[in-house]
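Some notes on the structure that comes next.
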Amino acid sequence: MSTRRRRIARITTLVIGIPFLALIGFLALTPRRVEQSIPNVLDLILGAVHRLGWTSLDFTTLEVAANVLVFIPVGIVAYVFLPRRARWLALAVGPAASIAIELTQLLALPNRDPSINDVIANSIGATIGVALCLLSSWAFPSRVSARPSTLEAS
């Protein structure tokens, strides 16, 4: 990726990613459970999905799907900001962040229920984010100049 394209990717990721990551932090680390913090939103989502015909979708399934979806940007942000040679570490960022969140809930937030299922779903989401970046890099490779570089002798 050219320096200009990489800079644009980083700026875009910052503009979109930082508010999103702040929202994840807020939802994950508030003392109240998410369904207690935003019950009307969850009821609206479940109601809309049920009206679309997915009547078997319950809160637990919605929670797992949300955990996967919410952590996709974590993988993307990690991939974009890690140096090229260390991008494989992006695969560890999602699970590490999720474990940190669940440990914080266990140790400091008595009204929250830490769950290994959350860690698994979050890790899957972050891995999907990294995979999307890899697919994007493959589908839109860096442009290489058709002209070979030449050195001018003085």
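Residue numbering restarts at 1 in every chain; chains get A, B, ... in the order shown in the structure tokens, and ligands count up from 1 in that same order.
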>> Quick one: residues within 7 Å of stretch 130-141 of chain A, only C-alpha atoms, excluding same-chain residues fewer than 6 positions away - as a PyMOL selection string?
In response: chain A and resi 1+75-76+79+90-91
Store the residues picked out above, limited to C-alpha atoms, as a JSON list (two decimals), in the first residue's frame.
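Written out: selection_24.json:
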[["chain", "number", "residue", "atom", "x", "y", "z"],
["A", 1, "MET", "CA", 0.00, 0.00, 0.00],
["A", 75, "GLY", "CA", -9.61, -6.52, 14.25],
["A", 76, "ILE", "CA", -9.64, -3.85, 11.54],
["A", 79, "TYR", "CA", -4.53, -4.60, 11.50],
["A", 90, "ALA", "CA", -3.78, -8.30, 15.13],
["A", 91, "LEU", "CA", -5.20, -11.79, 15.60]]
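Considering the residues A:Ala126, A:Leu44, A:Leu27, A:Ala86 and counting only C-alpha atoms, A:Ile72 has its shortest atom-to-atom contact with A:Ala126.
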> Which is closest to A:Ile128 among A:Val41, A:Asn111, A:Val70, A:Val15, if we use only C-alpha atoms?
Replying inline: A:Val70
>> Using DSSP secondary structure from the backbone, list all alpha helix (DSSP H) positions within stretch 23-142 of chain A, as a ChimeraX atom specification.
In response: /A:23-29,34-37,39-51,59-81,90-108,116-139
Go ahead and write the residues just picked, C-alpha atoms, as an mmCIF file, in the first residue's frame.
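Saved the output as result38.cif:
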data_model
loop_
_atom_site.group_PDB
_atom_site.id
_atom_site.type_symbol
_atom_site.label_atom_id
_atom_site.label_comp_id
_atom_site.auth_asym_id
_atom_site.auth_seq_id
_atom_site.Cartn_x
_atom_site.Cartn_y
_atom_site.Cartn_z
ATOM 1 C CA LEU A 23 -18.782 2.726 22.601
ATOM 2 C CA ILE A 24 -17.522 -0.845 23.082
ATOM 3 C CA GLY A 25 -15.644 0.247 26.196
ATOM 4 C CA PHE A 26 -18.691 2.044 27.542
ATOM 5 C CA LEU A 27 -21.030 -0.899 26.949
ATOM 6 C CA ALA A 28 -18.563 -3.476 28.262
ATOM 7 C CA LEU A 29 -17.444 -1.617 31.362
ATOM 8 C CA VAL A 34 -26.390 -3.926 28.480
ATOM 9 C CA GLU A 35 -30.011 -5.068 28.486
ATOM 10 C CA GLN A 36 -30.578 -2.881 31.570
ATOM 11 C CA SER A 37 -28.791 0.113 30.019
ATOM 12 C CA PRO A 39 -33.626 -2.142 26.975
ATOM 13 C CA ASN A 40 -35.748 -0.200 24.482
ATOM 14 C CA VAL A 41 -33.112 -0.498 21.753
ATOM 15 C CA LEU A 42 -32.869 -4.259 22.225
ATOM 16 C CA ASP A 43 -36.661 -4.596 22.201
ATOM 17 C CA LEU A 44 -36.794 -2.584 18.958
ATOM 18 C CA ILE A 45 -34.141 -4.778 17.326
ATOM 19 C CA LEU A 46 -35.783 -8.030 18.403
ATOM 20 C CA GLY A 47 -39.206 -6.751 17.346
ATOM 21 C CA ALA A 48 -37.924 -5.714 13.912
ATOM 22 C CA VAL A 49 -36.166 -9.033 13.389
ATOM 23 C CA HIS A 50 -39.272 -10.956 14.450
ATOM 24 C CA ARG A 51 -41.397 -8.917 12.014
ATOM 25 C CA PHE A 59 -31.929 -12.395 23.217
ATOM 26 C CA THR A 60 -29.081 -14.899 23.683
ATOM 27 C CA THR A 61 -28.612 -15.366 19.936
ATOM 28 C CA LEU A 62 -28.838 -11.609 19.401
ATOM 29 C CA GLU A 63 -26.186 -11.091 22.080
ATOM 30 C CA VAL A 64 -23.778 -13.545 20.424
ATOM 31 C CA ALA A 65 -24.334 -11.963 17.005
ATOM 32 C CA ALA A 66 -23.814 -8.495 18.479
ATOM 33 C CA ASN A 67 -20.581 -9.592 20.162
ATOM 34 C CA VAL A 68 -19.260 -10.893 16.848
ATOM 35 C CA LEU A 69 -20.309 -7.765 14.922
ATOM 36 C CA VAL A 70 -19.066 -5.308 17.527
ATOM 37 C CA PHE A 71 -15.557 -6.782 17.554
ATOM 38 C CA ILE A 72 -15.043 -6.743 13.770
ATOM 39 C CA PRO A 73 -13.757 -3.132 13.983
ATOM 40 C CA VAL A 74 -11.313 -4.185 16.717
ATOM 41 C CA GLY A 75 -9.605 -6.524 14.246
ATOM 42 C CA ILE A 76 -9.642 -3.854 11.542
ATOM 43 C CA VAL A 77 -8.147 -1.167 13.793
ATOM 44 C CA ALA A 78 -5.461 -3.556 15.043
ATOM 45 C CA TYR A 79 -4.535 -4.604 11.504
ATOM 46 C CA VAL A 80 -4.375 -1.047 10.178
ATOM 47 C CA PHE A 81 -2.260 0.314 13.022
ATOM 48 C CA ALA A 90 -3.780 -8.296 15.132
ATOM 49 C CA LEU A 91 -5.202 -11.793 15.595
ATOM 50 C CA ALA A 92 -4.287 -11.621 19.293
ATOM 51 C CA VAL A 93 -5.653 -8.124 19.954
ATOM 52 C CA GLY A 94 -9.340 -9.127 19.912
ATOM 53 C CA PRO A 95 -9.013 -12.079 22.294
ATOM 54 C CA ALA A 96 -6.696 -10.076 24.581
ATOM 55 C CA ALA A 97 -9.106 -7.129 24.710
ATOM 56 C CA SER A 98 -12.054 -9.439 25.310
ATOM 57 C CA ILE A 99 -10.270 -11.304 28.112
ATOM 58 C CA ALA A 100 -9.357 -7.956 29.702
ATOM 59 C CA ILE A 101 -13.000 -6.858 29.530
ATOM 60 C CA GLU A 102 -14.300 -10.093 31.029
ATOM 61 C CA LEU A 103 -11.678 -10.039 33.810
ATOM 62 C CA THR A 104 -12.630 -6.449 34.627
ATOM 63 C CA GLN A 105 -16.280 -7.477 34.786
ATOM 64 C CA LEU A 106 -15.381 -10.410 37.052
ATOM 65 C CA LEU A 107 -13.164 -8.463 39.428
ATOM 66 C CA ALA A 108 -14.655 -4.966 39.477
ATOM 67 C CA ILE A 116 -16.232 -17.382 28.032
ATOM 68 C CA ASN A 117 -18.910 -17.298 25.315
ATOM 69 C CA ASP A 118 -18.379 -13.542 25.046
ATOM 70 C CA VAL A 119 -14.624 -14.068 24.670
ATOM 71 C CA ILE A 120 -15.215 -16.625 21.910
ATOM 72 C CA ALA A 121 -17.745 -14.459 20.038
ATOM 73 C CA ASN A 122 -15.597 -11.334 20.390
ATOM 74 C CA SER A 123 -12.524 -13.229 19.178
ATOM 75 C CA ILE A 124 -14.425 -14.494 16.141
ATOM 76 C CA GLY A 125 -15.505 -10.935 15.354
ATOM 77 C CA ALA A 126 -11.967 -9.554 15.613
ATOM 78 C CA THR A 127 -10.678 -12.403 13.435
ATOM 79 C CA ILE A 128 -13.305 -11.549 10.814
ATOM 80 C CA GLY A 129 -12.067 -7.943 10.933
ATOM 81 C CA VAL A 130 -8.480 -9.053 10.279
ATOM 82 C CA ALA A 131 -9.692 -11.375 7.501
ATOM 83 C CA LEU A 132 -11.565 -8.488 5.852
ATOM 84 C CA CYS A 133 -8.356 -6.442 5.877
ATOM 85 C CA LEU A 134 -6.398 -9.336 4.370
ATOM 86 C CA LEU A 135 -9.040 -9.815 1.671
ATOM 87 C CA SER A 136 -9.008 -6.097 0.965
ATOM 88 C CA SER A 137 -5.214 -6.120 0.646
ATOM 89 C CA TRP A 138 -5.446 -9.060 -1.727
ATOM 90 C CA ALA A 139 -8.308 -7.613 -3.783
#
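Atom CA of A:Phe20 sits 22.4 Å away from atom CA of A:Trp88.
Between A:Arg6 and the residues A:Arg84, A:Leu89, A:Asp113, A:Leu57, the shortest atom-to-atom distance, using only C-alpha atoms, involves A:Arg84.
Picture a line from atom CA of A:Thr13 to atom CA of A:Ile38; it runs 26.4 Å.
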